[in-house]
$ cat input_24.json   # JSON, C-alpha atoms (C1' of nucleotides)
[["chain", "number", "residue", "atom", "x", "y", "z"],
["R", 29, "MET", "CA", 96.31, 107.44, 71.04],
["R", 30, "THR", "CA", 94.49, 104.75, 72.94],
["R", 31, "ILE", "CA", 94.61, 101.78, 70.59],
["R", 32, "THR", "CA", 98.05, 100.65, 69.57],
["R", 33, "ASP", "CA", 100.12, 97.52, 69.01],
["R", 34, "SER", "CA", 103.54, 99.07, 69.42],
["R", 35, "PRO", "CA", 105.54, 97.89, 72.42],
["R", 36, "ALA", "CA", 106.16, 101.43, 73.65],
["R", 37, "ALA", "CA", 102.74, 103.02, 73.53],
["R", 38, "ALA", "CA", 103.78, 106.30, 75.17],
["R", 39, "LEU", "CA", 100.38, 107.48, 76.26],
["R", 40, "SER", "CA", 99.60, 110.99, 77.46],
["R", 41, "ILE", "CA", 98.30, 111.59, 80.95],
["R", 42, "SER", "CA", 94.76, 112.09, 79.66],
["R", 43, "ASP", "CA", 94.99, 108.81, 77.74],
["R", 44, "VAL", "CA", 95.95, 107.03, 80.93],
["R", 45, "ALA", "CA", 93.20, 108.82, 82.81],
["R", 46, "ALA", "CA", 90.68, 107.61, 80.24],
["R", 47, "ASP", "CA", 92.07, 104.07, 80.38],
["R", 48, "THR", "CA", 92.17, 103.78, 84.15],
["R", 49, "GLY", "CA", 89.20, 105.84, 85.25],
["R", 50, "LEU", "CA", 91.43, 108.08, 87.36],
["R", 51, "THR", "CA", 91.64, 111.83, 86.83],
["R", 52, "THR", "CA", 94.80, 113.49, 85.59],
["R", 53, "SER", "CA", 95.05, 115.17, 89.00],
["R", 54, "THR", "CA", 94.98, 111.82, 90.73],
["R", 55, "LEU", "CA", 97.66, 110.46, 88.42],
["R", 56, "ARG", "CA", 99.96, 113.38, 89.25],
["R", 57, "TYR", "CA", 99.13, 112.98, 92.92],
["R", 58, "TYR", "CA", 99.97, 109.26, 92.84],
["R", 59, "GLU", "CA", 103.24, 110.00, 91.11],
["R", 60, "GLN", "CA", 104.38, 112.60, 93.61],
["R", 61, "ALA", "CA", 103.15, 110.38, 96.46],
["R", 62, "GLY", "CA", 105.63, 107.78, 95.22],
["R", 63, "LEU", "CA", 103.18, 105.18, 93.95],
["R", 64, "LEU", "CA", 104.55, 105.00, 90.43],
["R", 65, "ARG", "CA", 107.70, 102.88, 90.46],
["R", 66, "GLY", "CA", 110.22, 105.36, 89.12],
["R", 67, "GLN", "CA", 110.09, 108.43, 86.94],
["R", 68, "ILE", "CA", 107.58, 108.76, 84.14],
["R", 69, "ASP", "CA", 109.18, 109.58, 80.78],
["R", 70, "ARG", "CA", 108.74, 113.07, 79.43],
["R", 71, "ALA", "CA", 108.13, 114.27, 75.89],
["R", 72, "SER", "CA", 108.44, 117.86, 74.73],
["R", 73, "SER", "CA", 110.73, 118.09, 77.75],
["R", 74, "SER", "CA", 107.66, 118.41, 79.98],
["R", 75, "HIS", "CA", 104.61, 116.29, 79.05],
["R", 76, "ARG", "CA", 104.40, 112.87, 80.68],
["R", 77, "ARG", "CA", 104.57, 109.80, 78.45],
["R", 78, "TYR", "CA", 103.38, 106.57, 80.04],
["R", 79, "THR", "CA", 104.64, 103.20, 78.86],
["R", 80, "ASP", "CA", 102.42, 100.11, 78.81],
["R", 81, "ASP", "CA", 104.25, 98.95, 81.90],
["R", 82, "ASP", "CA", 103.45, 102.23, 83.66],
["R", 83, "VAL", "CA", 99.78, 101.78, 82.80],
["R", 84, "ARG", "CA", 99.75, 98.19, 84.02],
["R", 85, "TRP", "CA", 101.27, 99.37, 87.28],
["R", 86, "VAL", "CA", 98.64, 102.10, 87.67],
["R", 87, "VAL", "CA", 95.89, 99.59, 86.98],
["R", 88, "PHE", "CA", 97.26, 97.30, 89.66],
["R", 89, "ILE", "CA", 97.45, 100.00, 92.29],
["R", 90, "THR", "CA", 93.84, 100.92, 91.51],
["R", 91, "LYS", "CA", 93.02, 97.33, 92.54],
["R", 92, "LEU", "CA", 94.86, 97.89, 95.79],
["R", 93, "ARG", "CA", 93.02, 101.19, 96.30],
["R", 94, "SER", "CA", 89.60, 99.77, 95.49],
["R", 95, "THR", "CA", 90.18, 97.11, 98.12],
["R", 96, "GLY", "CA", 90.99, 99.83, 100.62],
["R", 97, "MET", "CA", 94.75, 99.76, 100.85],
["R", 98, "PRO", "CA", 95.96, 103.14, 102.17],
["R", 99, "ILE", "CA", 98.24, 105.28, 100.02],
["R", 100, "ARG", "CA", 101.15, 104.86, 102.46],
["R", 101, "ASP", "CA", 100.98, 101.05, 102.19],
["R", 102, "ILE", "CA", 100.96, 101.25, 98.42],
["R", 103, "ARG", "CA", 103.97, 103.54, 98.63],
["R", 104, "ARG", "CA", 105.70, 100.96, 100.81],
["R", 105, "TYR", "CA", 104.85, 98.22, 98.31],
["R", 106, "THR", "CA", 106.15, 100.37, 95.48],
["R", 107, "GLU", "CA", 109.39, 101.10, 97.34],
["R", 108, "LEU", "CA", 109.92, 97.37, 97.79],
["R", 109, "ALA", "CA", 109.29, 96.78, 94.11],
["R", 110, "ARG", "CA", 111.87, 99.44, 93.27],
["R", 111, "GLU", "CA", 114.46, 97.71, 95.43],
["R", 112, "GLY", "CA", 114.46, 94.64, 93.23],
["R", 113, "ASP", "CA", 113.75, 90.92, 93.28],
["R", 114, "HIS", "CA", 115.14, 90.31, 96.75],
["R", 115, "THR", "CA", 112.10, 92.09, 98.24],
["R", 116, "THR", "CA", 109.69, 89.58, 96.72],
["R", 117, "PRO", "CA", 109.04, 87.86, 100.08],
["R", 118, "ALA", "CA", 108.26, 91.20, 101.72],
["R", 119, "ARG", "CA", 105.91, 92.16, 98.93],
["R", 120, "LEU", "CA", 104.25, 88.78, 99.13],
["R", 121, "ALA", "CA", 103.75, 89.18, 102.89],
["R", 122, "LEU", "CA", 102.32, 92.64, 102.38],
["R", 123, "LEU", "CA", 99.82, 91.42, 99.80],
["R", 124, "VAL", "CA", 98.85, 88.37, 101.84],
["R", 125, "SER", "CA", 98.11, 90.42, 104.93],
["R", 126, "HIS", "CA", 96.18, 92.87, 102.81],
["R", 127, "ARG", "CA", 94.18, 89.99, 101.37],
["R", 128, "GLU", "CA", 93.27, 88.86, 104.86],
["R", 129, "ARG", "CA", 92.03, 92.32, 105.78],
["R", 130, "VAL", "CA", 90.03, 92.54, 102.57],
["R", 131, "GLN", "CA", 88.47, 89.12, 103.12],
["R", 132, "ALA", "CA", 87.50, 90.09, 106.64],
["R", 133, "GLN", "CA", 86.03, 93.34, 105.41],
["R", 134, "LEU", "CA", 84.10, 91.61, 102.64],
["R", 135, "ALA", "CA", 82.69, 89.16, 105.16],
["R", 136, "ASP", "CA", 81.71, 92.02, 107.44],
["R", 137, "MET", "CA", 80.07, 93.92, 104.63],
["R", 138, "GLN", "CA", 78.18, 90.82, 103.56],
["R", 139, "ARG", "CA", 76.87, 90.31, 107.07],
["R", 140, "SER", "CA", 75.78, 93.94, 107.21],
["R", 141, "LEU", "CA", 74.14, 93.56, 103.83],
["R", 142, "GLU", "CA", 72.15, 90.61, 105.14],
["R", 143, "THR", "CA", 70.79, 92.78, 107.93],
["R", 144, "ILE", "CA", 69.84, 95.43, 105.39],
["R", 145, "ASP", "CA", 68.23, 92.79, 103.19],
["R", 146, "PHE", "CA", 66.21, 91.67, 106.15],
["R", 147, "LYS", "CA", 65.07, 95.24, 106.79],
["R", 148, "ILE", "CA", 64.14, 95.62, 103.14],
["R", 149, "ALA", "CA", 62.10, 92.42, 103.31],
["R", 150, "THR", "CA", 60.29, 93.79, 106.37],
["R", 151, "TYR", "CA", 59.48, 97.03, 104.54],
["R", 152, "GLU", "CA", 58.29, 95.09, 101.50],
["R", 153, "ARG", "CA", 55.91, 93.01, 103.58],
["R", 154, "PHE", "CA", 54.66, 96.24, 105.10],
["R", 155, "THR", "CA", 54.10, 98.14, 101.85],
["R", 156, "THR", "CA", 52.61, 95.36, 99.70],
["R", 157, "ARG", "CA", 50.11, 94.51, 102.37],
["Q", 11, "MET", "CA", 75.07, 97.53, 133.30],
["Q", 12, "THR", "CA", 75.39, 95.43, 130.19],
["Q", 13, "ILE", "CA", 73.39, 92.32, 131.00],
["Q", 14, "THR", "CA", 69.80, 92.91, 131.89],
["Q", 15, "ASP", "CA", 66.33, 91.48, 131.31],
["Q", 16, "SER", "CA", 64.34, 94.59, 132.08],
["Q", 17, "PRO", "CA", 62.45, 96.11, 129.15],
["Q", 18, "ALA", "CA", 63.97, 99.56, 129.74],
["Q", 19, "ALA", "CA", 67.68, 98.81, 130.05],
["Q", 20, "ALA", "CA", 68.75, 102.48, 130.22],
["Q", 21, "LEU", "CA", 72.39, 102.02, 129.32],
["Q", 22, "SER", "CA", 75.04, 104.67, 129.77],
["Q", 23, "ILE", "CA", 76.96, 106.02, 126.80],
["Q", 24, "SER", "CA", 80.01, 103.91, 127.66],
["Q", 25, "ASP", "CA", 77.81, 100.80, 127.89],
["Q", 26, "VAL", "CA", 76.52, 101.50, 124.41],
["Q", 27, "ALA", "CA", 80.02, 102.19, 123.19],
["Q", 28, "ALA", "CA", 81.14, 98.81, 124.54],
["Q", 29, "ASP", "CA", 78.12, 97.07, 123.00],
["Q", 30, "THR", "CA", 78.40, 98.63, 119.57],
["Q", 31, "GLY", "CA", 82.15, 99.04, 119.13],
["Q", 32, "LEU", "CA", 81.75, 102.78, 118.61],
["Q", 33, "THR", "CA", 83.48, 105.33, 120.81],
["Q", 34, "THR", "CA", 81.53, 107.64, 123.10],
["Q", 35, "SER", "CA", 82.70, 110.53, 120.93],
["Q", 36, "THR", "CA", 81.23, 108.89, 117.87],
["Q", 37, "LEU", "CA", 77.94, 108.26, 119.65],
["Q", 38, "ARG", "CA", 77.68, 111.95, 120.58],
["Q", 39, "TYR", "CA", 78.69, 112.89, 117.05],
["Q", 40, "TYR", "CA", 76.01, 110.65, 115.55],
["Q", 41, "GLU", "CA", 73.41, 112.11, 117.86],
["Q", 42, "GLN", "CA", 74.21, 115.70, 117.01],
["Q", 43, "ALA", "CA", 74.45, 114.78, 113.32],
["Q", 44, "GLY", "CA", 70.83, 113.68, 113.56],
["Q", 45, "LEU", "CA", 71.32, 109.95, 113.14],
["Q", 46, "LEU", "CA", 69.59, 108.94, 116.35],
["Q", 47, "ARG", "CA", 65.83, 109.13, 115.80],
["Q", 48, "GLY", "CA", 64.85, 111.64, 118.46],
["Q", 49, "GLN", "CA", 66.28, 112.73, 121.77],
["Q", 50, "ILE", "CA", 68.13, 110.34, 124.01],
["Q", 51, "ASP", "CA", 66.75, 110.24, 127.57],
["Q", 52, "ARG", "CA", 68.78, 111.87, 130.28],
["Q", 53, "ALA", "CA", 69.44, 110.75, 133.87],
["Q", 54, "SER", "CA", 70.94, 112.94, 136.59],
["Q", 55, "SER", "CA", 69.57, 115.75, 134.42],
["Q", 56, "SER", "CA", 72.59, 115.38, 132.11],
["Q", 57, "HIS", "CA", 73.88, 111.83, 131.51],
["Q", 58, "ARG", "CA", 72.47, 110.03, 128.48],
["Q", 59, "ARG", "CA", 70.39, 106.90, 129.06],
["Q", 60, "TYR", "CA", 69.91, 104.69, 126.02],
["Q", 61, "THR", "CA", 66.90, 102.40, 125.69],
["Q", 62, "ASP", "CA", 67.13, 99.01, 124.01],
["Q", 63, "ASP", "CA", 65.42, 100.57, 121.01],
["Q", 64, "ASP", "CA", 68.06, 103.28, 120.86],
["Q", 65, "VAL", "CA", 70.78, 100.64, 120.89],
["Q", 66, "ARG", "CA", 69.08, 98.61, 118.17],
["Q", 67, "TRP", "CA", 68.90, 101.75, 116.06],
["Q", 68, "VAL", "CA", 72.59, 102.48, 116.61],
["Q", 69, "VAL", "CA", 73.45, 98.91, 115.66],
["Q", 70, "PHE", "CA", 71.47, 99.22, 112.47],
["Q", 71, "ILE", "CA", 73.13, 102.45, 111.42],
["Q", 72, "THR", "CA", 76.53, 100.84, 112.00],
["Q", 73, "LYS", "CA", 75.43, 98.31, 109.36],
["Q", 74, "LEU", "CA", 74.67, 101.17, 107.02],
["Q", 75, "ARG", "CA", 78.02, 102.77, 107.83],
["Q", 76, "SER", "CA", 80.02, 99.57, 107.40],
["Q", 77, "THR", "CA", 78.49, 99.18, 103.96],
["Q", 78, "GLY", "CA", 79.60, 102.69, 103.11],
["Q", 79, "MET", "CA", 76.44, 104.75, 103.42],
["Q", 80, "PRO", "CA", 77.43, 108.40, 103.98],
["Q", 81, "ILE", "CA", 76.35, 110.16, 107.16],
["Q", 82, "ARG", "CA", 74.05, 112.50, 105.24],
["Q", 83, "ASP", "CA", 72.13, 109.59, 103.71],
["Q", 84, "ILE", "CA", 71.71, 107.99, 107.10],
["Q", 85, "ARG", "CA", 70.44, 111.32, 108.40],
["Q", 86, "ARG", "CA", 67.93, 111.40, 105.55],
["Q", 87, "TYR", "CA", 66.84, 107.87, 106.36],
["Q", 88, "THR", "CA", 66.49, 108.80, 110.03],
["Q", 89, "GLU", "CA", 64.44, 111.87, 109.18],
["Q", 90, "LEU", "CA", 62.08, 109.72, 107.14],
["Q", 91, "ALA", "CA", 61.76, 107.27, 110.02],
["Q", 92, "ARG", "CA", 60.90, 110.15, 112.34],
["Q", 93, "GLU", "CA", 58.13, 111.30, 110.02],
["Q", 94, "GLY", "CA", 56.18, 108.09, 110.54],
["Q", 95, "ASP", "CA", 54.82, 105.09, 108.69],
["Q", 96, "HIS", "CA", 53.83, 106.99, 105.54],
["Q", 97, "THR", "CA", 57.52, 107.32, 104.63],
["Q", 98, "THR", "CA", 57.98, 103.55, 104.49],
["Q", 99, "PRO", "CA", 58.10, 103.50, 100.66],
["Q", 100, "ALA", "CA", 60.75, 106.23, 100.62],
["Q", 101, "ARG", "CA", 62.83, 104.39, 103.21],
["Q", 102, "LEU", "CA", 62.46, 101.17, 101.24],
["Q", 103, "ALA", "CA", 63.62, 102.92, 98.07],
["Q", 104, "LEU", "CA", 66.59, 104.39, 99.89],
["Q", 105, "LEU", "CA", 67.66, 101.01, 101.24],
["Q", 106, "VAL", "CA", 67.13, 99.25, 97.92],
["Q", 107, "SER", "CA", 69.27, 101.74, 96.03],
["Q", 108, "HIS", "CA", 71.90, 101.49, 98.74],
["Q", 109, "ARG", "CA", 71.83, 97.71, 98.41],
["Q", 110, "GLU", "CA", 72.50, 98.02, 94.70],
["Q", 111, "ARG", "CA", 75.48, 100.25, 95.30],
["Q", 112, "VAL", "CA", 76.82, 97.87, 97.92],
["Q", 113, "GLN", "CA", 76.39, 94.84, 95.66],
["Q", 114, "ALA", "CA", 78.21, 96.65, 92.88],
["Q", 115, "GLN", "CA", 80.99, 97.62, 95.25],
["Q", 116, "LEU", "CA", 81.28, 94.10, 96.60],
["Q", 117, "ALA", "CA", 81.53, 92.73, 93.08],
["Q", 118, "ASP", "CA", 84.18, 95.30, 92.23],
["Q", 119, "MET", "CA", 86.17, 94.50, 95.35],
["Q", 120, "GLN", "CA", 85.95, 90.80, 94.60],
["Q", 121, "ARG", "CA", 87.26, 91.35, 91.09],
["Q", 122, "SER", "CA", 90.12, 93.42, 92.48],
["Q", 123, "LEU", "CA", 90.81, 90.74, 95.04],
["Q", 124, "GLU", "CA", 91.09, 88.16, 92.26],
["Q", 125, "THR", "CA", 93.76, 90.27, 90.60],
["Q", 126, "ILE", "CA", 95.61, 90.50, 93.91],
["Q", 127, "ASP", "CA", 95.25, 86.74, 94.41],
["Q", 128, "PHE", "CA", 96.76, 86.23, 91.00],
["Q", 129, "LYS", "CA", 99.69, 88.46, 91.91],
["Q", 130, "ILE", "CA", 100.16, 86.57, 95.16],
["Q", 131, "ALA", "CA", 100.20, 83.29, 93.25],
["Q", 132, "THR", "CA", 102.85, 84.72, 90.94],
["Q", 133, "TYR", "CA", 105.00, 85.74, 93.89],
["Q", 134, "GLU", "CA", 104.54, 82.35, 95.51],
["Q", 135, "ARG", "CA", 105.72, 80.57, 92.37],
["Q", 136, "PHE", "CA", 108.70, 82.90, 92.35],
["Q", 137, "THR", "CA", 109.70, 82.46, 95.98],
["Q", 138, "THR", "CA", 109.17, 78.68, 96.37],
["Q", 139, "ARG", "CA", 111.17, 77.98, 93.26],
["E", 21, "DA", "C1'", 102.28, 136.04, 64.52],
["E", 22, "DT", "C1'", 98.84, 134.74, 67.38],
["E", 23, "DT", "C1'", 95.59, 131.62, 69.11],
["E", 24, "DT", "C1'", 94.32, 127.22, 70.92],
["E", 25, "DG", "C1'", 94.54, 123.36, 73.82],
["E", 26, "DA", "C1'", 96.94, 120.14, 76.32],
["E", 27, "DC", "C1'", 99.91, 119.98, 79.24],
["E", 28, "DT", "C1'", 103.26, 121.72, 83.40],
["E", 29, "DT", "C1'", 104.20, 122.97, 88.74],
["E", 30, "DC", "C1'", 102.84, 124.49, 93.14],
["E", 31, "DG", "C1'", 100.38, 125.37, 97.00],
["E", 32, "DA", "C1'", 96.00, 125.82, 98.87],
["E", 33, "DG", "C1'", 91.36, 124.07, 99.49],
["E", 34, "DT", "C1'", 87.67, 120.47, 100.03],
["E", 35, "DG", "C1'", 84.81, 116.84, 102.07],
["E", 36, "DC", "C1'", 84.29, 113.38, 105.05],
["E", 37, "DA", "C1'", 84.18, 111.15, 109.45],
["E", 38, "DC", "C1'", 85.58, 111.30, 113.23],
["E", 39, "DT", "C1'", 88.59, 112.65, 117.49],
["E", 40, "DC", "C1'", 90.34, 115.45, 121.05],
["E", 41, "DG", "C1'", 90.95, 118.80, 124.77],
["E", 42, "DA", "C1'", 89.33, 122.12, 127.93],
["E", 43, "DA", "C1'", 86.33, 123.44, 131.34],
["E", 44, "DG", "C1'", 82.54, 122.28, 133.94],
["E", 45, "DT", "C1'", 78.79, 119.24, 136.57],
["E", 46, "DC", "C1'", 77.11, 115.61, 139.35],
["E", 47, "DG", "C1'", 76.60, 111.59, 142.47],
["E", 48, "DT", "C1'", 78.86, 108.34, 145.24],
["E", 49, "DA", "C1'", 82.89, 106.74, 148.24],
["E", 50, "DC", "C1'", 85.86, 107.75, 151.75],
["A", 13, "DG", "C1'", 83.70, 118.05, 152.74],
["A", 14, "DT", "C1'", 86.53, 116.67, 149.36],
["A", 15, "DA", "C1'", 88.26, 113.57, 146.03],
["A", 16, "DC", "C1'", 87.07, 110.67, 142.21],
["A", 17, "DG", "C1'", 85.21, 109.09, 138.03],
["A", 18, "DA", "C1'", 81.94, 109.32, 134.62],
["A", 19, "DC", "C1'", 79.77, 112.09, 132.36],
["A", 20, "DT", "C1'", 78.48, 116.99, 129.96],
["A", 21, "DT", "C1'", 79.11, 120.82, 126.00],
["A", 22, "DC", "C1'", 81.70, 123.20, 122.65],
["A", 23, "DG", "C1'", 84.78, 124.27, 119.29],
["A", 24, "DA", "C1'", 88.93, 123.11, 117.26],
["A", 25, "DG", "C1'", 92.00, 119.70, 115.24],
["A", 26, "DT", "C1'", 93.23, 115.42, 112.61],
["A", 27, "DG", "C1'", 94.00, 112.22, 108.77],
["A", 28, "DC", "C1'", 93.00, 110.82, 104.50],
["A", 29, "DA", "C1'", 92.56, 111.18, 99.60],
["A", 30, "DC", "C1'", 92.00, 113.74, 96.53],
["A", 31, "DT", "C1'", 90.76, 118.25, 93.81],
["A", 32, "DC", "C1'", 91.29, 122.79, 92.23],
["A", 33, "DG", "C1'", 93.07, 127.24, 90.56],
["A", 34, "DA", "C1'", 96.65, 130.19, 89.08],
["A", 35, "DA", "C1'", 100.28, 131.09, 86.26],
["A", 36, "DG", "C1'", 103.22, 129.43, 82.90],
["A", 37, "DT", "C1'", 105.12, 126.49, 78.66],
["A", 38, "DC", "C1'", 104.99, 124.47, 74.29],
["A", 39, "DA", "C1'", 103.71, 122.60, 69.62],
["A", 40, "DA", "C1'", 100.60, 122.62, 66.01],
["A", 41, "DA", "C1'", 96.79, 125.07, 63.46],
["A", 42, "DT", "C1'", 94.97, 129.17, 61.37]]

$ encode --input "input_24.json" --output "structure tokens"
Amino acid sequence: MTITDSPAAALSISDVAADTGLTTSTLRYYEQAGLLRGQIDRASSSHRRYTDDDVRWVVFITKLRSTGMPIRDIRRYTELAREGDHTTPARLALLVSHRERVQAQLADMQRSLETIDFKIATYERFTTR
Amino acid sequence: MTITDSPAAALSISDVAADTGLTTSTLRYYEQAGLLRGQIDRASSSHRRYTDDDVRWVVFITKLRSTGMPIRDIRRYTELAREGDHTTPARLALLVSHRERVQAQLADMQRSLETIDFKIATYERFTTR
DNA sequence: ATTTGACTTCGAGTGCACTCGAAGTCGTAC
DNA sequence: GTACGACTTCGAGTGCACTCGAAGTCAAAT
């Protein structure tokens, strides 16, 4: 059940894993680590059923993860989101400071990559001689 | 002894730590993990004395680290370097494939950052309203 | 009725990269 | 000569983010 138009898709954990590129273990881990904005619905009184909103949330936190935000910061962000609209400024501040760290890290990585490129160029001159 | 013109600077481990931004513990760890192309000279029959070449090597491997190369790959690269000039093609291949991974990761991070930027813009519209 | 497969919880284990603490040595300063 | 500070080795510990295995449940298929 991956392709659907219905508003409440109600995907299984393996569907969500397939959609997000996470493993089912990681999805359970994120949930119990408090990264998933509230309880996930259950079907058959035990199997998780993810709504489209749940999946969108998971996708967003994978963006935070892939830019290096630690689990505890994502938990903090999630807690703020759970508290309601009045935490919008705090969430904004959190994201903005994260963005600054990411930009700095990207710049650093790019500088390092230039050094590596230079080394590669040296090796290429050496081997094609 | 940080500023010197002599060809053999012979820096202490804390000098190198200050110069590279690594800790002395990390420098010892890197050495015993086989990332340091040969033995480091010793003074006083026990204290490490780093040559300028040693420091340049350390600086380069910090570039590999900051672009996410695992310790074991750096060790492999170092082993190749120790074996001599005939391993130049292998070292080149290793760096080129690392560069590809880094470029892919940078692109991924930039895409994630765009999503975060978009979220920030949404929050800003919400809060300045 | 039993088998299958996808799920469930829980706690323990893994891999990585450091990081620390204890106990000892050595050369210079007082 | 002793106190100090910077180093030494060694093994153990830390923090992070998963990842796995065991034992059990449940609904649909044969």

$ atom_distance --input "input_24.json" --atom1 "C1' of DT20 (chain A)" --atom2 "CA of Asp62 (chain Q)"
22.1 Å

$ calpha_fit_and_write --input "input_24.json" --fixed "chain Q" --moving "chain R" --output "compact mmCIF listing (two decimals) with C-alpha atoms, in the frame of the given file"
# COMPACT_ATOMS: atom_id res chain seq x y z
CA MET R 29 75.03 97.45 133.33
CA THR R 30 75.39 95.43 130.17
CA ILE R 31 73.38 92.30 130.90
CA THR R 32 69.76 92.86 131.77
CA ASP R 33 66.29 91.46 131.12
CA SER R 34 64.32 94.57 131.96
CA PRO R 35 62.44 96.16 129.07
CA ALA R 36 63.98 99.58 129.69
CA ALA R 37 67.66 98.85 130.03
CA ALA R 38 68.77 102.49 130.24
CA LEU R 39 72.39 102.02 129.34
CA SER R 40 75.07 104.66 129.77
CA ILE R 41 76.97 106.00 126.80
CA SER R 42 80.01 103.88 127.66
CA ASP R 43 77.81 100.79 127.88
CA VAL R 44 76.51 101.48 124.40
CA ALA R 45 80.02 102.16 123.18
CA ALA R 46 81.12 98.78 124.52
CA ASP R 47 78.10 97.06 122.98
CA THR R 48 78.39 98.63 119.55
CA GLY R 49 82.12 99.02 119.10
CA LEU R 50 81.75 102.77 118.59
CA THR R 51 83.49 105.32 120.80
CA THR R 52 81.56 107.61 123.09
CA SER R 53 82.72 110.50 120.90
CA THR R 54 81.24 108.86 117.84
CA LEU R 55 77.96 108.26 119.63
CA ARG R 56 77.70 111.94 120.56
CA TYR R 57 78.70 112.89 117.03
CA TYR R 58 76.01 110.65 115.53
CA GLU R 59 73.43 112.12 117.85
CA GLN R 60 74.21 115.72 117.00
CA ALA R 61 74.46 114.79 113.31
CA GLY R 62 70.83 113.68 113.56
CA LEU R 63 71.32 109.95 113.14
CA LEU R 64 69.58 108.94 116.35
CA ARG R 65 65.83 109.11 115.80
CA GLY R 66 64.85 111.61 118.47
CA GLN R 67 66.28 112.73 121.77
CA ILE R 68 68.16 110.36 124.02
CA ASP R 69 66.79 110.26 127.57
CA ARG R 70 68.82 111.90 130.29
CA ALA R 71 69.47 110.82 133.86
CA SER R 72 70.95 113.01 136.56
CA SER R 73 69.58 115.77 134.34
CA SER R 74 72.63 115.39 132.09
CA HIS R 75 73.93 111.83 131.51
CA ARG R 76 72.51 110.02 128.48
CA ARG R 77 70.43 106.90 129.07
CA TYR R 78 69.93 104.69 126.03
CA THR R 79 66.92 102.42 125.70
CA ASP R 80 67.13 99.01 124.02
CA ASP R 81 65.42 100.56 121.04
CA ASP R 82 68.08 103.28 120.88
CA VAL R 83 70.78 100.62 120.91
CA ARG R 84 69.07 98.60 118.19
CA TRP R 85 68.89 101.74 116.08
CA VAL R 86 72.59 102.47 116.61
CA VAL R 87 73.46 98.90 115.68
CA PHE R 88 71.48 99.22 112.48
CA ILE R 89 73.12 102.45 111.43
CA THR R 90 76.52 100.83 112.02
CA LYS R 91 75.44 98.30 109.36
CA LEU R 92 74.66 101.16 107.02
CA ARG R 93 78.02 102.78 107.82
CA SER R 94 80.01 99.58 107.40
CA THR R 95 78.48 99.19 103.95
CA GLY R 96 79.60 102.70 103.11
CA MET R 97 76.46 104.75 103.41
CA PRO R 98 77.43 108.41 103.97
CA ILE R 99 76.36 110.17 107.16
CA ARG R 100 74.04 112.53 105.24
CA ASP R 101 72.12 109.59 103.71
CA ILE R 102 71.72 108.00 107.11
CA ARG R 103 70.45 111.33 108.40
CA ARG R 104 67.94 111.40 105.55
CA TYR R 105 66.84 107.85 106.38
CA THR R 106 66.50 108.79 110.03
CA GLU R 107 64.44 111.88 109.19
CA LEU R 108 62.08 109.70 107.16
CA ALA R 109 61.78 107.26 110.04
CA ARG R 110 60.91 110.15 112.36
CA GLU R 111 58.14 111.28 110.04
CA GLY R 112 56.20 108.08 110.57
CA ASP R 113 54.82 105.07 108.73
CA HIS R 114 53.82 106.96 105.60
CA THR R 115 57.52 107.29 104.67
CA THR R 116 57.99 103.53 104.52
CA PRO R 117 58.09 103.49 100.69
CA ALA R 118 60.74 106.21 100.66
CA ARG R 119 62.83 104.37 103.22
CA LEU R 120 62.45 101.17 101.26
CA ALA R 121 63.61 102.91 98.07
CA LEU R 122 66.57 104.39 99.90
CA LEU R 123 67.64 101.01 101.25
CA VAL R 124 67.12 99.25 97.93
CA SER R 125 69.26 101.73 96.04
CA HIS R 126 71.88 101.49 98.75
CA ARG R 127 71.82 97.71 98.42
CA GLU R 128 72.47 98.02 94.71
CA ARG R 129 75.47 100.25 95.30
CA VAL R 130 76.81 97.88 97.94
CA GLN R 131 76.37 94.86 95.67
CA ALA R 132 78.19 96.64 92.89
CA GLN R 133 80.98 97.62 95.24
CA LEU R 134 81.28 94.10 96.61
CA ALA R 135 81.51 92.75 93.08
CA ASP R 136 84.17 95.31 92.24
CA MET R 137 86.15 94.52 95.35
CA GLN R 138 85.93 90.81 94.60
CA ARG R 139 87.25 91.35 91.10
CA SER R 140 90.11 93.43 92.48
CA LEU R 141 90.80 90.75 95.04
CA GLU R 142 91.08 88.18 92.26
CA THR R 143 93.77 90.28 90.61
CA ILE R 144 95.61 90.51 93.91
CA ASP R 145 95.24 86.77 94.41
CA PHE R 146 96.75 86.25 91.02
CA LYS R 147 99.69 88.48 91.92
CA ILE R 148 100.16 86.59 95.17
CA ALA R 149 100.18 83.30 93.27
CA THR R 150 102.86 84.72 90.95
CA TYR R 151 105.00 85.77 93.92
CA GLU R 152 104.53 82.36 95.54
CA ARG R 153 105.71 80.56 92.42
CA PHE R 154 108.68 82.90 92.39
CA THR R 155 109.70 82.47 96.03
CA THR R 156 109.17 78.72 96.44
CA ARG R 157 111.18 78.00 93.35

$ residues_around --input "input_24.json" --residues "Gln138 (chain R)" --least-positions-apart "6" --cutoff "10 Å" --atoms "all atoms listed in the file" --output "MDAnalysis selection string"
(chainID R and resid 132 144) or (chainID Q and resid 73 76:77 112:113 116)

$ write_last_selection --input "input_24.json" --atoms "C-alpha atoms" --output "PDB file, in the coordinates of the input"
ATOM      1  CA  ALA R 132      87.500  90.090 106.640  1.00  0.00           C
ATOM      2  CA  ILE R 144      69.840  95.430 105.390  1.00  0.00           C
TER       3      ILE R 144
ATOM      4  CA  LYS Q  73      75.430  98.310 109.360  1.00  0.00           C
ATOM      5  CA  SER Q  76      80.020  99.570 107.400  1.00  0.00           C
ATOM      6  CA  THR Q  77      78.490  99.180 103.960  1.00  0.00           C
ATOM      7  CA  VAL Q 112      76.820  97.870  97.920  1.00  0.00           C
ATOM      8  CA  GLN Q 113      76.390  94.840  95.660  1.00  0.00           C
ATOM      9  CA  LEU Q 116      81.280  94.100  96.600  1.00  0.00           C
TER      10      LEU Q 116
END
